[in-house]
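Take a look at the structure set out below.
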Amino acid sequence: MPLVSAKVLLEHAQANGYAVPAFNCHDLVDFQAIIAAAETEGAPVIIMASESTIDFAGFSYIEGLAYAGAKEAKIPFALHLDHGRDLDNVVKSVQHGFTSVMFDGSNLSFEENIRLTAWVADIAHRVGMSVEGELGQIPGTEDDITVSEQEAGMTDPDLVADFVERTGVDALAVAIGTAHGLYKGEPKLDFPRLTAIRKATSVPLVLHGGTGVPDDTVRRAIELGICKLNVGTELRVAYTSSVSRALVDREFRDPRPLLSIARTAIAGVVQDKIRLCGASGRAKAISW
Ligand code: 13P
């Protein structure tokens, strides 16, 4: 069964100095594009559904896609709830066979973030799911969650060890200068902060807001301890712009050729990110 806990993938990445690329998916088209590109590259991947994707598609359809994919896929992948803020959704992700969950308590006080993340970790670990927590707040818009520059705060390295120990998370999302969505200028990452966070904990670190971060910056972040790179907007843009361009070129009376164009465009972006993360060819070394 290639549907595995994200912890298995992240630990392999951490031990071997690469990152597992994690992609936001919305429907069959991008789900198949991600799996196809990962198979071409022989790479492990994490497929993520955010709460607004759940609102759009429903837990059962996302679960159905993942378990259908697991019958066919030749690479290991994890199914992850991205930025879970509603505890009801977190519990449903457990019930619907997700293999990884992020509880995003970054808008809460430090103590409340710890209390709820620990609660999520307790129930998720009982069924072998891995858990990602977030400390510090990442600016920008991820689906329905908008964090302004004023609200955003970088991860404080001095709080990391306490957070990880008291919550029991398997991975930690860090705020070090990336943002969700499209950047206005070039993002500047705080590498000294990342180094200090890395020293404070041994759990795999997660970089959100992967869209538009220059390749060299991503590579440096991976060298300094990032083990999971989240990419969403770039796939959505590949999807919508390829469809828009195709519709300008000609009239379609059948959605399948149109959606095949989108699937190819998305797979191209996924393949580039897999290579950037150094994840190509890694699937064969992971036991699943
Ligand atoms: P981008 O949409 O900026 O790529 O961020 C994705 C993300 O971090 C999902 O959690």
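Residues are referred to by chain and number: the chain letter is A, B, ... according to the order shown in the structure tokens, the number counts from 1 in that chain, and ligands are numbered separately from 1 in the order shown.
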Exercise: Leu87 (chain A) partners within 12 Å, only C-alpha atoms, chain neighbours under 3 positions left out, as an MDAnalysis selection string: chainID A and resid 51 81 83:84 90:94 101:105 116:117 119:121 123:124
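Those residues that approach region 259-270 of chain A to within 9 Å, counting only C-alpha atoms, are A:Pro21, A:Phe23, A:Val29, A:Asp30, A:Phe31, A:Gln32, A:Ala33, A:Ile34, A:Ile35, A:Ala36, A:Ala37, A:Ala38, A:Val231, A:Glu234, A:Leu235, A:Arg236, A:Val237, A:Ala238, A:Tyr239, A:Thr240, A:Ser241, A:Ser242, A:Val243, A:Ala246, A:Arg275; same-chain residues fewer than 5 positions away are not listed.
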Would you export the selected residues with N, CA and C atoms as a short mmCIF file (atom, residue, chain, number, x, y, z; two decimals), in the first residue's frame, please?
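Wrote it out as again-v2.cif, contents follow:
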data_model
loop_
_atom_site.label_atom_id
_atom_site.label_comp_id
_atom_site.auth_asym_id
_atom_site.auth_seq_id
_atom_site.Cartn_x
_atom_site.Cartn_y
_atom_site.Cartn_z
N PRO A 21 8.45 17.09 -1.51
CA PRO A 21 7.55 18.15 -1.96
C PRO A 21 6.11 17.81 -1.62
N PHE A 23 2.11 19.01 -2.21
CA PHE A 23 1.32 19.79 -3.17
C PHE A 23 -0.14 19.86 -2.74
N VAL A 29 -8.06 16.06 -11.44
CA VAL A 29 -7.08 16.50 -12.44
C VAL A 29 -5.72 16.74 -11.78
N ASP A 30 -5.70 17.53 -10.71
CA ASP A 30 -4.38 17.78 -10.13
C ASP A 30 -3.88 16.58 -9.31
N PHE A 31 -4.82 15.80 -8.76
CA PHE A 31 -4.40 14.58 -8.06
C PHE A 31 -3.63 13.65 -9.01
N GLN A 32 -4.21 13.41 -10.18
CA GLN A 32 -3.54 12.52 -11.15
C GLN A 32 -2.24 13.13 -11.67
N ALA A 33 -2.23 14.44 -11.84
CA ALA A 33 -1.01 15.11 -12.33
C ALA A 33 0.13 14.92 -11.34
N ILE A 34 -0.18 15.05 -10.04
CA ILE A 34 0.86 14.92 -9.01
C ILE A 34 1.40 13.48 -8.99
N ILE A 35 0.49 12.50 -8.99
CA ILE A 35 0.93 11.10 -8.94
C ILE A 35 1.74 10.76 -10.20
N ALA A 36 1.26 11.21 -11.36
CA ALA A 36 1.96 10.87 -12.62
C ALA A 36 3.37 11.46 -12.61
N ALA A 37 3.49 12.72 -12.20
CA ALA A 37 4.82 13.35 -12.18
C ALA A 37 5.74 12.66 -11.17
N ALA A 38 5.18 12.30 -10.02
CA ALA A 38 5.99 11.61 -9.00
C ALA A 38 6.46 10.26 -9.52
N VAL A 231 3.81 23.55 -1.76
CA VAL A 231 3.55 24.35 -2.96
C VAL A 231 2.07 24.23 -3.32
N GLU A 234 1.31 27.82 -7.24
CA GLU A 234 1.92 27.58 -8.55
C GLU A 234 1.15 26.51 -9.34
N LEU A 235 0.61 25.54 -8.64
CA LEU A 235 -0.19 24.50 -9.31
C LEU A 235 -1.54 25.06 -9.75
N ARG A 236 -2.13 25.89 -8.87
CA ARG A 236 -3.44 26.48 -9.22
C ARG A 236 -3.29 27.38 -10.44
N VAL A 237 -2.17 28.13 -10.49
CA VAL A 237 -1.95 29.02 -11.63
C VAL A 237 -1.71 28.20 -12.90
N ALA A 238 -0.95 27.10 -12.79
CA ALA A 238 -0.72 26.25 -13.97
C ALA A 238 -2.05 25.69 -14.47
N TYR A 239 -2.89 25.30 -13.54
CA TYR A 239 -4.22 24.73 -13.88
C TYR A 239 -5.05 25.79 -14.63
N THR A 240 -5.26 26.92 -13.96
CA THR A 240 -6.20 27.90 -14.52
C THR A 240 -5.64 28.59 -15.76
N SER A 241 -4.35 28.89 -15.78
CA SER A 241 -3.83 29.62 -16.95
C SER A 241 -3.75 28.70 -18.17
N SER A 242 -3.47 27.40 -17.97
CA SER A 242 -3.43 26.52 -19.14
C SER A 242 -4.84 26.36 -19.72
N VAL A 243 -5.83 26.30 -18.85
CA VAL A 243 -7.21 26.19 -19.34
C VAL A 243 -7.62 27.49 -20.04
N ALA A 246 -5.97 27.71 -23.45
CA ALA A 246 -6.54 26.75 -24.40
C ALA A 246 -7.89 27.23 -24.91
N ARG A 275 12.35 17.83 -8.58
CA ARG A 275 13.81 17.90 -8.85
C ARG A 275 14.48 18.91 -7.93
#
One residue among A:Thr211, A:Ser50, A:Thr217, A:Thr141 is nearest to ligand 1 when using only C-alpha atoms and all ligand atoms, and that residue is A:Thr211
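Considering only C-alpha atoms and all ligand atoms, the residue among A:Leu182, A:Leu28, A:Leu9, A:Val169 positioned nearest to ligand 1 is A:Leu182.
For the set A:Ile138, A:Phe59, A:Ile274, A:Val160, the residue with the smallest atom-to-atom gap to Arg219 (chain A) is A:Ile274, counting only C-alpha atoms.
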Quick one: residues within 10 Å of Phe77 (chain A), only C-alpha atoms counted, chain neighbours fewer than 2 positions away excluded, as a ChimeraX atom specification? /A:1-6,8-9,20,22,35,38,43-47,66,69-70,73-75,79-80,99,283,288
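Reported to one decimal place, the separation of CA of Thr40 (chain A) from CA of Leu172 (chain A) is 28.9 Å.
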